[in-house]
$ cat model_21.pdb   # PDB, C-alpha atoms and all ligand atoms
MODEL        1
ATOM      1  CA  MET H   1       0.000   0.000   0.000  1.00  0.00           C
ATOM      2  CA  SER H   2       1.302   3.494  -0.805  1.00  0.00           C
ATOM      3  CA  ALA H   3       2.401   5.913   1.864  1.00  0.00           C
ATOM      4  CA  ASP H   4       0.898   8.819  -0.018  1.00  0.00           C
ATOM      5  CA  PRO H   5      -2.885   8.703   0.165  1.00  0.00           C
ATOM      6  CA  SER H   6      -3.279  11.171  -2.702  1.00  0.00           C
ATOM      7  CA  GLU H   7      -2.190   8.404  -5.124  1.00  0.00           C
ATOM      8  CA  HIS H   8      -5.406   6.606  -4.396  1.00  0.00           C
ATOM      9  CA  GLN H   9      -7.967   9.125  -5.490  1.00  0.00           C
ATOM     10  CA  GLY H  10     -11.453   8.035  -4.499  1.00  0.00           C
ATOM     11  CA  GLU H  11     -10.163   5.562  -1.922  1.00  0.00           C
ATOM     12  CA  HIS H  12      -9.719   7.993   0.886  1.00  0.00           C
ATOM     13  CA  HIS H  13     -11.534  10.866   2.390  1.00  0.00           C
ATOM     14  CA  VAL H  14     -10.168  13.910   4.178  1.00  0.00           C
ATOM     15  CA  TYR H  15     -12.059  15.610   6.884  1.00  0.00           C
ATOM     16  CA  ASP H  16     -10.622  18.202   9.238  1.00  0.00           C
ATOM     17  CA  ASP H  17      -7.156  17.301   7.937  1.00  0.00           C
ATOM     18  CA  ILE H  18      -7.675  13.695   8.944  1.00  0.00           C
ATOM     19  CA  VAL H  19      -7.206  11.218   6.121  1.00  0.00           C
ATOM     20  CA  GLU H  20      -9.515   8.208   6.146  1.00  0.00           C
ATOM     21  CA  HIS H  21      -8.514   5.159   4.097  1.00  0.00           C
ATOM     22  CA  ASP H  22     -10.784   2.396   2.943  1.00  0.00           C
ATOM     23  CA  ASN H  23      -8.653  -0.445   4.285  1.00  0.00           C
ATOM     24  CA  PRO H  24      -9.953  -3.924   5.073  1.00  0.00           C
ATOM     25  CA  LEU H  25     -10.548  -4.571   8.770  1.00  0.00           C
ATOM     26  CA  PRO H  26      -7.636  -6.344  10.489  1.00  0.00           C
ATOM     27  CA  LEU H  27      -7.978 -10.106  10.696  1.00  0.00           C
ATOM     28  CA  TRP H  28      -7.655 -10.195  14.492  1.00  0.00           C
ATOM     29  CA  TRP H  29     -10.554  -7.727  14.704  1.00  0.00           C
ATOM     30  CA  LEU H  30     -12.804  -9.809  12.445  1.00  0.00           C
ATOM     31  CA  ILE H  31     -11.938 -12.974  14.347  1.00  0.00           C
ATOM     32  CA  THR H  32     -12.934 -11.252  17.588  1.00  0.00           C
ATOM     33  CA  LEU H  33     -16.213 -10.044  16.075  1.00  0.00           C
ATOM     34  CA  TYR H  34     -17.304 -13.355  14.507  1.00  0.00           C
ATOM     35  CA  GLY H  35     -15.960 -15.248  17.502  1.00  0.00           C
ATOM     36  CA  ALA H  36     -18.162 -13.171  19.808  1.00  0.00           C
ATOM     37  CA  ILE H  37     -21.200 -13.794  17.593  1.00  0.00           C
ATOM     38  CA  LEU H  38     -20.587 -17.552  17.597  1.00  0.00           C
ATOM     39  CA  PHE H  39     -19.999 -17.513  21.341  1.00  0.00           C
ATOM     40  CA  SER H  40     -23.252 -15.637  21.986  1.00  0.00           C
ATOM     41  CA  ALA H  41     -25.214 -18.181  19.913  1.00  0.00           C
ATOM     42  CA  GLY H  42     -23.639 -21.050  21.858  1.00  0.00           C
ATOM     43  CA  TYR H  43     -24.291 -19.255  25.153  1.00  0.00           C
ATOM     44  CA  TYR H  44     -27.920 -18.608  24.256  1.00  0.00           C
ATOM     45  CA  PHE H  45     -28.665 -22.239  23.375  1.00  0.00           C
ATOM     46  CA  HIS H  46     -26.703 -23.590  26.350  1.00  0.00           C
ATOM     47  CA  PHE H  47     -28.388 -21.434  29.013  1.00  0.00           C
ATOM     48  CA  HIS H  48     -31.752 -20.404  27.576  1.00  0.00           C
ATOM     49  CA  VAL H  49     -32.900 -22.999  25.018  1.00  0.00           C
ATOM     50  CA  PHE H  50     -31.579 -26.395  26.099  1.00  0.00           C
ATOM     51  CA  LYS H  51     -31.046 -25.195  29.686  1.00  0.00           C
ATOM     52  CA  THR H  52     -28.013 -27.478  29.967  1.00  0.00           C
ATOM     53  CA  ALA H  53     -26.639 -25.088  32.605  1.00  0.00           C
ATOM     54  CA  MET H  54     -28.092 -22.888  35.323  1.00  0.00           C
ATOM     55  CA  THR H  55     -27.953 -19.139  34.773  1.00  0.00           C
ATOM     56  CA  PRO H  56     -26.265 -17.159  37.547  1.00  0.00           C
ATOM     57  CA  ALA H  57     -29.745 -15.987  38.620  1.00  0.00           C
ATOM     58  CA  ASP H  58     -30.984 -19.607  38.917  1.00  0.00           C
ATOM     59  CA  GLU H  59     -27.875 -20.560  40.849  1.00  0.00           C
ATOM     60  CA  LEU H  60     -28.345 -17.654  43.231  1.00  0.00           C
ATOM     61  CA  ALA H  61     -32.001 -18.569  43.782  1.00  0.00           C
ATOM     62  CA  ALA H  62     -31.038 -22.191  44.486  1.00  0.00           C
ATOM     63  CA  GLU H  63     -28.344 -21.109  46.958  1.00  0.00           C
ATOM     64  CA  ASN H  64     -30.730 -18.693  48.678  1.00  0.00           C
ATOM     65  CA  THR H  65     -33.305 -21.448  49.022  1.00  0.00           C
ATOM     66  CA  GLU H  66     -30.730 -23.788  50.558  1.00  0.00           C
ATOM     67  CA  ALA H  67     -29.553 -21.068  52.942  1.00  0.00           C
ATOM     68  CA  ALA H  68     -33.137 -20.228  53.886  1.00  0.00           C
ATOM     69  CA  LYS H  69     -33.932 -23.887  54.534  1.00  0.00           C
ATOM     70  CA  ALA H  70     -30.852 -24.241  56.730  1.00  0.00           C
ATOM     71  CA  LEU H  71     -31.933 -21.243  58.823  1.00  0.00           C
ATOM     72  CA  LEU H  72     -35.492 -22.561  59.007  1.00  0.00           C
ATOM     73  CA  ALA H  73     -34.230 -25.955  60.134  1.00  0.00           C
ATOM     74  CA  GLN H  74     -32.528 -24.189  63.048  1.00  0.00           C
ATOM     75  CA  GLY H  75     -35.794 -22.434  63.929  1.00  0.00           C
ATOM     76  CA  LYS H  76     -34.390 -19.066  62.826  1.00  0.00           C
ATOM     77  CA  GLY H  77     -37.252 -18.047  60.552  1.00  0.00           C
ATOM     78  CA  ALA H  78     -37.442 -14.459  61.754  1.00  0.00           C
ATOM     79  CA  GLU H  79     -33.857 -13.850  60.581  1.00  0.00           C
ATOM     80  CA  LEU H  80     -34.632 -14.496  56.926  1.00  0.00           C
ATOM     81  CA  GLY H  81     -34.343 -11.487  54.625  1.00  0.00           C
ATOM     82  CA  PRO H  82     -36.457 -10.598  51.570  1.00  0.00           C
ATOM     83  CA  ASP H  83     -34.176 -12.491  49.137  1.00  0.00           C
ATOM     84  CA  ALA H  84     -34.549 -15.691  51.075  1.00  0.00           C
ATOM     85  CA  LEU H  85     -38.329 -15.263  51.228  1.00  0.00           C
ATOM     86  CA  LEU H  86     -38.479 -14.763  47.460  1.00  0.00           C
ATOM     87  CA  ALA H  87     -36.262 -17.787  46.912  1.00  0.00           C
ATOM     88  CA  MET H  88     -38.587 -19.859  49.108  1.00  0.00           C
ATOM     89  CA  ALA H  89     -41.551 -18.595  47.089  1.00  0.00           C
ATOM     90  CA  GLN H  90     -39.922 -20.229  44.045  1.00  0.00           C
ATOM     91  CA  ASP H  91     -39.232 -23.503  45.798  1.00  0.00           C
ATOM     92  CA  GLU H  92     -41.977 -26.007  44.988  1.00  0.00           C
ATOM     93  CA  LYS H  93     -41.786 -27.976  48.245  1.00  0.00           C
ATOM     94  CA  THR H  94     -41.850 -24.870  50.445  1.00  0.00           C
ATOM     95  CA  VAL H  95     -44.783 -23.451  48.493  1.00  0.00           C
ATOM     96  CA  LYS H  96     -46.710 -26.754  48.856  1.00  0.00           C
ATOM     97  CA  GLU H  97     -46.117 -26.759  52.580  1.00  0.00           C
ATOM     98  CA  GLY H  98     -47.232 -23.122  52.841  1.00  0.00           C
ATOM     99  CA  GLN H  99     -50.337 -23.944  50.865  1.00  0.00           C
ATOM    100  CA  THR H 100     -51.331 -26.585  53.414  1.00  0.00           C
ATOM    101  CA  THR H 101     -51.049 -24.062  56.251  1.00  0.00           C
ATOM    102  CA  PHE H 102     -52.919 -21.504  54.152  1.00  0.00           C
ATOM    103  CA  GLN H 103     -55.797 -23.918  53.558  1.00  0.00           C
ATOM    104  CA  GLN H 104     -56.055 -24.615  57.289  1.00  0.00           C
ATOM    105  CA  MET H 105     -55.562 -21.130  58.716  1.00  0.00           C
ATOM    106  CA  CYS H 106     -56.183 -18.499  56.066  1.00  0.00           C
ATOM    107  CA  ALA H 107     -58.569 -19.789  53.391  1.00  0.00           C
ATOM    108  CA  SER H 108     -61.664 -19.086  55.510  1.00  0.00           C
ATOM    109  CA  CYS H 109     -60.997 -15.357  55.173  1.00  0.00           C
ATOM    110  CA  HIS H 110     -58.840 -15.157  52.024  1.00  0.00           C
ATOM    111  CA  GLY H 111     -60.432 -17.927  49.898  1.00  0.00           C
ATOM    112  CA  ASP H 112     -59.049 -21.310  48.812  1.00  0.00           C
ATOM    113  CA  GLN H 113     -56.826 -19.735  46.168  1.00  0.00           C
ATOM    114  CA  GLY H 114     -56.217 -16.438  47.921  1.00  0.00           C
ATOM    115  CA  GLU H 115     -58.947 -14.764  45.869  1.00  0.00           C
ATOM    116  CA  GLY H 116     -60.352 -12.994  48.918  1.00  0.00           C
ATOM    117  CA  LYS H 117     -63.497 -13.220  51.078  1.00  0.00           C
ATOM    118  CA  ILE H 118     -63.565 -11.224  54.319  1.00  0.00           C
ATOM    119  CA  GLY H 119     -59.842 -10.605  53.811  1.00  0.00           C
ATOM    120  CA  PRO H 120     -58.414  -9.032  50.666  1.00  0.00           C
ATOM    121  CA  ASN H 121     -57.562 -10.791  47.395  1.00  0.00           C
ATOM    122  CA  LEU H 122     -53.888 -11.813  47.733  1.00  0.00           C
ATOM    123  CA  THR H 123     -53.428 -12.634  44.034  1.00  0.00           C
ATOM    124  CA  ASP H 124     -53.750  -9.126  42.574  1.00  0.00           C
ATOM    125  CA  LYS H 125     -51.175  -6.346  42.430  1.00  0.00           C
ATOM    126  CA  HIS H 126     -52.897  -4.244  45.089  1.00  0.00           C
ATOM    127  CA  TRP H 127     -51.731  -4.231  48.683  1.00  0.00           C
ATOM    128  CA  ILE H 128     -53.095  -2.460  51.767  1.00  0.00           C
ATOM    129  CA  HIS H 129     -49.980  -3.172  53.848  1.00  0.00           C
ATOM    130  CA  GLY H 130     -47.396  -3.501  51.055  1.00  0.00           C
ATOM    131  CA  GLY H 131     -46.496  -6.385  48.738  1.00  0.00           C
ATOM    132  CA  LYS H 132     -42.732  -6.509  49.322  1.00  0.00           C
ATOM    133  CA  PRO H 133     -41.558  -9.762  50.935  1.00  0.00           C
ATOM    134  CA  GLU H 134     -40.670  -8.076  54.231  1.00  0.00           C
ATOM    135  CA  SER H 135     -44.005  -6.179  54.274  1.00  0.00           C
ATOM    136  CA  VAL H 136     -46.058  -9.322  53.655  1.00  0.00           C
ATOM    137  CA  TYR H 137     -44.054 -11.119  56.353  1.00  0.00           C
ATOM    138  CA  LYS H 138     -44.761  -8.280  58.782  1.00  0.00           C
ATOM    139  CA  THR H 139     -48.501  -8.324  58.020  1.00  0.00           C
ATOM    140  CA  VAL H 140     -48.723 -12.078  58.447  1.00  0.00           C
ATOM    141  CA  SER H 141     -46.642 -12.188  61.636  1.00  0.00           C
ATOM    142  CA  LYS H 142     -48.034  -9.087  63.368  1.00  0.00           C
ATOM    143  CA  GLY H 143     -51.466  -8.945  61.687  1.00  0.00           C
ATOM    144  CA  ALA H 144     -53.782  -5.946  61.525  1.00  0.00           C
ATOM    145  CA  PRO H 145     -55.943  -6.906  64.506  1.00  0.00           C
ATOM    146  CA  GLU H 146     -58.117  -3.780  64.483  1.00  0.00           C
ATOM    147  CA  LYS H 147     -59.088  -4.620  60.866  1.00  0.00           C
ATOM    148  CA  GLY H 148     -59.752  -8.314  61.456  1.00  0.00           C
ATOM    149  CA  MET H 149     -56.428  -9.816  60.321  1.00  0.00           C
ATOM    150  CA  PRO H 150     -54.999 -11.904  63.179  1.00  0.00           C
ATOM    151  CA  ALA H 151     -51.284 -11.945  64.100  1.00  0.00           C
ATOM    152  CA  TRP H 152     -49.845 -15.358  63.267  1.00  0.00           C
ATOM    153  CA  GLU H 153     -46.282 -15.459  64.535  1.00  0.00           C
ATOM    154  CA  SER H 154     -47.173 -16.429  68.079  1.00  0.00           C
ATOM    155  CA  SER H 155     -49.528 -19.244  67.058  1.00  0.00           C
ATOM    156  CA  LEU H 156     -47.668 -20.591  63.997  1.00  0.00           C
ATOM    157  CA  GLY H 157     -44.093 -19.909  65.148  1.00  0.00           C
ATOM    158  CA  PRO H 158     -41.462 -18.219  62.958  1.00  0.00           C
ATOM    159  CA  ARG H 159     -40.899 -21.169  60.632  1.00  0.00           C
ATOM    160  CA  LYS H 160     -44.505 -21.738  59.566  1.00  0.00           C
ATOM    161  CA  THR H 161     -45.052 -17.986  59.366  1.00  0.00           C
ATOM    162  CA  GLN H 162     -42.158 -17.750  56.882  1.00  0.00           C
ATOM    163  CA  VAL H 163     -43.388 -20.708  54.881  1.00  0.00           C
ATOM    164  CA  VAL H 164     -46.959 -19.422  54.619  1.00  0.00           C
ATOM    165  CA  THR H 165     -45.557 -15.977  53.699  1.00  0.00           C
ATOM    166  CA  ALA H 166     -43.587 -17.644  50.886  1.00  0.00           C
ATOM    167  CA  TYR H 167     -46.837 -19.211  49.697  1.00  0.00           C
ATOM    168  CA  VAL H 168     -48.580 -15.806  49.705  1.00  0.00           C
ATOM    169  CA  LEU H 169     -45.649 -14.365  47.715  1.00  0.00           C
ATOM    170  CA  SER H 170     -46.014 -17.182  45.193  1.00  0.00           C
ATOM    171  CA  LEU H 171     -49.639 -16.106  44.585  1.00  0.00           C
ATOM    172  CA  LYS H 172     -48.589 -12.640  43.501  1.00  0.00           C
ATOM    173  CA  GLY H 173     -49.781 -11.766  40.014  1.00  0.00           C
ATOM    174  CA  LYS H 174     -51.979 -14.866  39.631  1.00  0.00           C
ATOM    175  CA  ASN H 175     -54.993 -12.543  39.496  1.00  0.00           C
ATOM    176  CA  VAL H 176     -57.567 -15.126  40.571  1.00  0.00           C
ATOM    177  CA  ALA H 177     -61.047 -13.683  40.040  1.00  0.00           C
ATOM    178  CA  GLY H 178     -62.480 -12.799  43.432  1.00  0.00           C
ATOM    179  CA  LYS H 179     -62.595  -9.807  45.729  1.00  0.00           C
ATOM    180  CA  ALA H 180     -62.016  -6.468  44.003  1.00  0.00           C
ATOM    181  CA  PRO H 181     -58.541  -4.925  44.461  1.00  0.00           C
ATOM    182  CA  GLN H 182     -57.933  -2.974  47.666  1.00  0.00           C
ATOM    183  CA  GLY H 183     -55.074  -0.649  48.586  1.00  0.00           C
ATOM    184  CA  GLN H 184     -52.245   0.609  46.393  1.00  0.00           C
ATOM    185  CA  GLU H 185     -51.097  -0.959  43.135  1.00  0.00           C
ATOM    186  CA  GLU H 186     -47.477  -2.195  43.316  1.00  0.00           C
TER     187      GLU H 186
HETATM  188  C1  LIG N 201     -60.344 -13.898  60.424  1.00  0.00           C
HETATM  189  C2  LIG N 201     -60.071 -13.601  59.037  1.00  0.00           C
HETATM  190  C3  LIG N 201     -58.630 -13.736  58.543  1.00  0.00           C
HETATM  191  C4  LIG N 201     -57.786 -14.793  58.640  1.00  0.00           C
HETATM  192  C5  LIG N 201     -58.051 -16.140  59.285  1.00  0.00           C
HETATM  193  C6  LIG N 201     -56.583 -14.428  57.952  1.00  0.00           C
HETATM  194  N1  LIG N 201     -56.678 -13.153  57.459  1.00  0.00           N
HETATM  195 FE1  LIG N 201     -55.279 -12.146  56.402  1.00  0.00          FE
HETATM  196  N2  LIG N 201     -56.470 -10.493  56.407  1.00  0.00           N
HETATM  197  C7  LIG N 201     -57.743 -10.433  56.911  1.00  0.00           C
HETATM  198  C8  LIG N 201     -58.272  -9.078  56.736  1.00  0.00           C
HETATM  199  C9  LIG N 201     -59.636  -8.595  57.144  1.00  0.00           C
HETATM  200  C10 LIG N 201     -57.227  -8.341  56.118  1.00  0.00           C
HETATM  201  C11 LIG N 201     -57.269  -6.852  55.738  1.00  0.00           C
HETATM  202  C12 LIG N 201     -56.665  -6.019  56.832  1.00  0.00           C
HETATM  203  C13 LIG N 201     -56.814  -4.541  56.569  1.00  0.00           C
HETATM  204  O1  LIG N 201     -57.793  -4.143  55.921  1.00  0.00           O
HETATM  205  O2  LIG N 201     -55.947  -3.795  57.031  1.00  0.00           O
HETATM  206  C14 LIG N 201     -56.119  -9.272  55.914  1.00  0.00           C
HETATM  207  C15 LIG N 201     -54.929  -8.932  55.319  1.00  0.00           C
HETATM  208  C16 LIG N 201     -53.937  -9.822  55.001  1.00  0.00           C
HETATM  209  C17 LIG N 201     -52.753  -9.500  54.273  1.00  0.00           C
HETATM  210  C18 LIG N 201     -52.384  -8.126  53.742  1.00  0.00           C
HETATM  211  C19 LIG N 201     -53.018  -7.900  52.397  1.00  0.00           C
HETATM  212  C20 LIG N 201     -52.747  -6.518  51.855  1.00  0.00           C
HETATM  213  O3  LIG N 201     -53.463  -6.137  50.942  1.00  0.00           O
HETATM  214  O4  LIG N 201     -51.816  -5.844  52.320  1.00  0.00           O
HETATM  215  C21 LIG N 201     -52.024 -10.648  54.141  1.00  0.00           C
HETATM  216  C22 LIG N 201     -50.697 -10.804  53.428  1.00  0.00           C
HETATM  217  C23 LIG N 201     -52.754 -11.677  54.815  1.00  0.00           C
HETATM  218  N3  LIG N 201     -53.903 -11.154  55.333  1.00  0.00           N
HETATM  219  C24 LIG N 201     -52.308 -12.987  54.912  1.00  0.00           C
HETATM  220  C25 LIG N 201     -52.941 -13.940  55.706  1.00  0.00           C
HETATM  221  C26 LIG N 201     -52.400 -15.249  55.975  1.00  0.00           C
HETATM  222  C27 LIG N 201     -51.104 -15.787  55.403  1.00  0.00           C
HETATM  223  C28 LIG N 201     -53.264 -15.858  56.809  1.00  0.00           C
HETATM  224  C29 LIG N 201     -53.145 -17.234  57.418  1.00  0.00           C
HETATM  225  C30 LIG N 201     -51.922 -17.556  58.131  1.00  0.00           C
HETATM  226  C31 LIG N 201     -54.381 -14.947  57.033  1.00  0.00           C
HETATM  227  N4  LIG N 201     -54.129 -13.779  56.371  1.00  0.00           N
HETATM  228  C32 LIG N 201     -55.491 -15.249  57.809  1.00  0.00           C
HETATM  229  C33 LIG N 201     -58.445 -11.454  57.503  1.00  0.00           C
HETATM  230  C34 LIG N 201     -57.928 -12.692  57.808  1.00  0.00           C
ENDMDL
END
$ encode --input "model_21.pdb" --output "structure tokens" --more "lines below"
Ligand code: HEC
Amino acid sequence: MSADPSEHQGEHHVYDDIVEHDNPLPLWWLITLYGAILFSAGYYFHFHVFKTAMTPADELAAENTEAAKALLAQGKGAELGPDALLAMAQDEKTVKEGQTTFQQMCASCHGDQGEGKIGPNLTDKHWIHGGKPESVYKTVSKGAPEKGMPAWESSLGPRKTQVVTAYVLSLKGKNVAGKAPQGQEE
């Protein structure tokens, strides 16, 4: 290639005294580009289509669930944070267990599927006392006695209170037809 760009009329372009050439892209650059495209396709099929590996988010959820279960096994339910509660709400066994408690203790006021009766619909996006994991836990454990919602922590104990809270969190967004929404949309 010539050192003098003016010999290649039409193959370069000057702007602000900067000469632009129409050179092919370097091989290493193209390899990086096509390599990245191939890698992304492989990554996509591995993690999202065939699910032959867990995504970091799945791994974190699984670890949180394990950690939450370990704390629960030691009777330390009240120490669980919002992440652990959400992880439990995605754990099938925990949700099943919470459902059993819900049927026994809560369904009379909140309906078999949480659709609401005397108590509010727990499957919509509206919350009187807040729909965040820690808010739902607080409502279930301390109740709203003046409004007819009993406090459950003393009768169920921390572990069952956490588990039934996880079940309530798993109902979020199911929108079962029932009592009209109450409180703020979240
Ligand atoms: C005797 C009836 C009754 C029972 C039993 C009952 N609840 Fe409630 N619950 C209510 C009422 C009424 C409210 C609404 C309180 C208010 O208006 O402030 C409520 C509110 C709630 C809320 C807050 C909803 C919101 O919109 O913020 C949650 C969560 C909840 N109950 C979960 C449970 C769970 C879990 C159980 C069982 C362990 C249960 N409740 C048992 C009557 C009941």
$ residues_around --input "model_21.pdb" --residues "segment 158-165 of chain H" --least-positions-apart "6" --cutoff "12 Å" --atoms "only C-alpha atoms" --output "VMD selection string"
chain H and resid 65 68 to 82 84 to 107 114 122 131 to 143 151 to 152 171 to 172
$ atom_distance --input "model_21.pdb" --atom1 "atom CA of Glu186 of chain H" --atom2 "atom CA of Ser155 of chain H"
29.3 Å
$ resolve_selection --input "model_21.pdb" --expression "the PyMOL selection byres (((chain H and resi 22) around 9) and not hetatm)" --output "mmCIF file with C-alpha atoms, keeping the file's coordinate frame"
data_model
loop_
_atom_site.group_PDB
_atom_site.id
_atom_site.type_symbol
_atom_site.label_atom_id
_atom_site.label_comp_id
_atom_site.auth_asym_id
_atom_site.auth_seq_id
_atom_site.Cartn_x
_atom_site.Cartn_y
_atom_site.Cartn_z
ATOM 1 C CA GLU H 11 -10.163 5.562 -1.922
ATOM 2 C CA HIS H 12 -9.719 7.993 0.886
ATOM 3 C CA HIS H 13 -11.534 10.866 2.390
ATOM 4 C CA GLU H 20 -9.515 8.208 6.146
ATOM 5 C CA HIS H 21 -8.514 5.159 4.097
ATOM 6 C CA ASN H 23 -8.653 -0.445 4.285
ATOM 7 C CA PRO H 24 -9.953 -3.924 5.073
#
$ resolve_selection --input "model_21.pdb" --expression "the PyMOL selection byres (((chain H and resi 148) around 12) and not hetatm)" --output "mmCIF file with C-alpha atoms, in the coordinates of the input"
data_model
loop_
_atom_site.group_PDB
_atom_site.id
_atom_site.type_symbol
_atom_site.label_atom_id
_atom_site.label_comp_id
_atom_site.auth_asym_id
_atom_site.auth_seq_id
_atom_site.Cartn_x
_atom_site.Cartn_y
_atom_site.Cartn_z
ATOM 1 C CA CYS H 109 -60.997 -15.357 55.173
ATOM 2 C CA HIS H 110 -58.840 -15.157 52.024
ATOM 3 C CA ILE H 118 -63.565 -11.224 54.319
ATOM 4 C CA GLY H 119 -59.842 -10.605 53.811
ATOM 5 C CA PRO H 120 -58.414 -9.032 50.666
ATOM 6 C CA THR H 139 -48.501 -8.324 58.020
ATOM 7 C CA LYS H 142 -48.034 -9.087 63.368
ATOM 8 C CA GLY H 143 -51.466 -8.945 61.687
ATOM 9 C CA ALA H 144 -53.782 -5.946 61.525
ATOM 10 C CA PRO H 145 -55.943 -6.906 64.506
ATOM 11 C CA GLU H 146 -58.117 -3.780 64.483
ATOM 12 C CA LYS H 147 -59.088 -4.620 60.866
ATOM 13 C CA MET H 149 -56.428 -9.816 60.321
ATOM 14 C CA PRO H 150 -54.999 -11.904 63.179
ATOM 15 C CA ALA H 151 -51.284 -11.945 64.100
#
$ resolve_selection --input "model_21.pdb" --expression "the PyMOL selection byres (((chain H and resi 115) around 7) and not hetatm)" --output "list in words"
His110, Gly111, Gln113, Gly114, Gly116, Asn121, Leu122, Thr123, Val176, Ala177, Gly178 and Lys179 of chain H
$ closest_residue --input "model_21.pdb" --among "H:Glu63, H:Asp58, H:Glu185, H:Asp17" --to "Ile128 of chain H" --atoms "all atoms listed in the file"
H:Glu185
$ axis_aligned_box --input "model_21.pdb" --around "ligand LIG 201 (chain N)" --padding-each-side "5 Å" --output "lines of an AutoDock Vina configuration file"
center_x = -55.5
center_y = -10.7
center_z = 55.7
size_x = 19.6
size_y = 23.8
size_z = 19.5
$ atom_distance --input "model_21.pdb" --atom1 "atom C20 of ligand LIG 201 (chain N)" --atom2 "atom CA of His126 of chain H"
7.1 Å
$ closest_residue --input "model_21.pdb" --among "H:Lys51, H:His129, H:His46, H:Lys117" --to "ligand LIG 201 (chain N)" --atoms "all atoms listed in the file"
H:His129
$ closest_residue --input "model_21.pdb" --among "H:Asp16, H:Glu66, H:Asp124, H:Glu59" --to "Gly173 of chain H" --atoms "only C-alpha atoms"
H:Asp124
$ atom_distance --input "model_21.pdb" --atom1 "atom CA of Lys125 of chain H" --atom2 "atom CA of Ala61 of chain H"
22.8 Å
$ closest_residue --input "model_21.pdb" --among "H:Asp83, H:Ile31, H:Ser108, H:Ala36" --to "ligand LIG 201 (chain N)" --atoms "all atoms listed in the file"
H:Ser108
$ closest_residue --input "model_21.pdb" --among "H:Thr55, H:Thr32, H:Gln182, H:Ser170" --to "ligand LIG 201 (chain N)" --atoms "all atoms listed in the file"
H:Gln182
$ closest_residue --input "model_21.pdb" --among "H:Ala62, H:Val19, H:Leu33, H:Ala180" --to "ligand LIG 201 (chain N)" --atoms "all atoms listed in the file"
H:Ala180
$ decode --input "model_21.pdb" --residues "segment 103-116 of chain H" --atoms "N, CA and C atoms" --output "PDB file, in the first residue's frame"
ATOM      1  N   GLN H 103     -54.470 -23.300  53.619  1.00  0.00           N
ATOM      2  CA  GLN H 103     -55.797 -23.918  53.558  1.00  0.00           C
ATOM      3  C   GLN H 103     -56.401 -24.046  54.958  1.00  0.00           C
ATOM      4  N   GLN H 104     -55.547 -24.394  55.929  1.00  0.00           N
ATOM      5  CA  GLN H 104     -56.055 -24.615  57.289  1.00  0.00           C
ATOM      6  C   GLN H 104     -56.371 -23.314  58.011  1.00  0.00           C
ATOM      7  N   MET H 105     -55.495 -22.313  57.853  1.00  0.00           N
ATOM      8  CA  MET H 105     -55.562 -21.130  58.716  1.00  0.00           C
ATOM      9  C   MET H 105     -56.098 -19.878  58.022  1.00  0.00           C
ATOM     10  N   CYS H 106     -55.959 -19.782  56.734  1.00  0.00           N
ATOM     11  CA  CYS H 106     -56.183 -18.499  56.066  1.00  0.00           C
ATOM     12  C   CYS H 106     -57.345 -18.522  55.064  1.00  0.00           C
ATOM     13  N   ALA H 107     -57.609 -19.715  54.502  1.00  0.00           N
ATOM     14  CA  ALA H 107     -58.569 -19.789  53.391  1.00  0.00           C
ATOM     15  C   ALA H 107     -59.957 -19.313  53.799  1.00  0.00           C
ATOM     16  N   SER H 108     -60.324 -19.486  55.086  1.00  0.00           N
ATOM     17  CA  SER H 108     -61.664 -19.086  55.510  1.00  0.00           C
ATOM     18  C   SER H 108     -61.885 -17.596  55.275  1.00  0.00           C
ATOM     19  N   CYS H 109     -60.851 -16.797  55.391  1.00  0.00           N
ATOM     20  CA  CYS H 109     -60.997 -15.357  55.173  1.00  0.00           C
ATOM     21  C   CYS H 109     -60.456 -14.896  53.819  1.00  0.00           C
ATOM     22  N   HIS H 110     -59.469 -15.626  53.272  1.00  0.00           N
ATOM     23  CA  HIS H 110     -58.840 -15.157  52.024  1.00  0.00           C
ATOM     24  C   HIS H 110     -59.219 -16.011  50.814  1.00  0.00           C
ATOM     25  N   GLY H 111     -60.040 -17.058  51.016  1.00  0.00           N
ATOM     26  CA  GLY H 111     -60.432 -17.927  49.898  1.00  0.00           C
ATOM     27  C   GLY H 111     -59.420 -19.038  49.659  1.00  0.00           C
ATOM     28  N   ASP H 112     -59.894 -20.137  49.056  1.00  0.00           N
ATOM     29  CA  ASP H 112     -59.049 -21.310  48.812  1.00  0.00           C
ATOM     30  C   ASP H 112     -57.806 -20.985  47.993  1.00  0.00           C
ATOM     31  N   GLN H 113     -57.967 -20.071  47.031  1.00  0.00           N
ATOM     32  CA  GLN H 113     -56.826 -19.735  46.168  1.00  0.00           C
ATOM     33  C   GLN H 113     -56.315 -18.327  46.420  1.00  0.00           C
ATOM     34  N   GLY H 114     -56.675 -17.788  47.591  1.00  0.00           N
ATOM     35  CA  GLY H 114     -56.217 -16.438  47.921  1.00  0.00           C
ATOM     36  C   GLY H 114     -57.001 -15.349  47.219  1.00  0.00           C
ATOM     37  N   GLU H 115     -58.188 -15.736  46.674  1.00  0.00           N
ATOM     38  CA  GLU H 115     -58.947 -14.764  45.869  1.00  0.00           C
ATOM     39  C   GLU H 115     -59.733 -13.760  46.717  1.00  0.00           C
ATOM     40  N   GLY H 116     -59.725 -13.969  48.038  1.00  0.00           N
ATOM     41  CA  GLY H 116     -60.352 -12.994  48.918  1.00  0.00           C
ATOM     42  C   GLY H 116     -61.784 -13.339  49.293  1.00  0.00           C
TER      43      GLY H 116
END
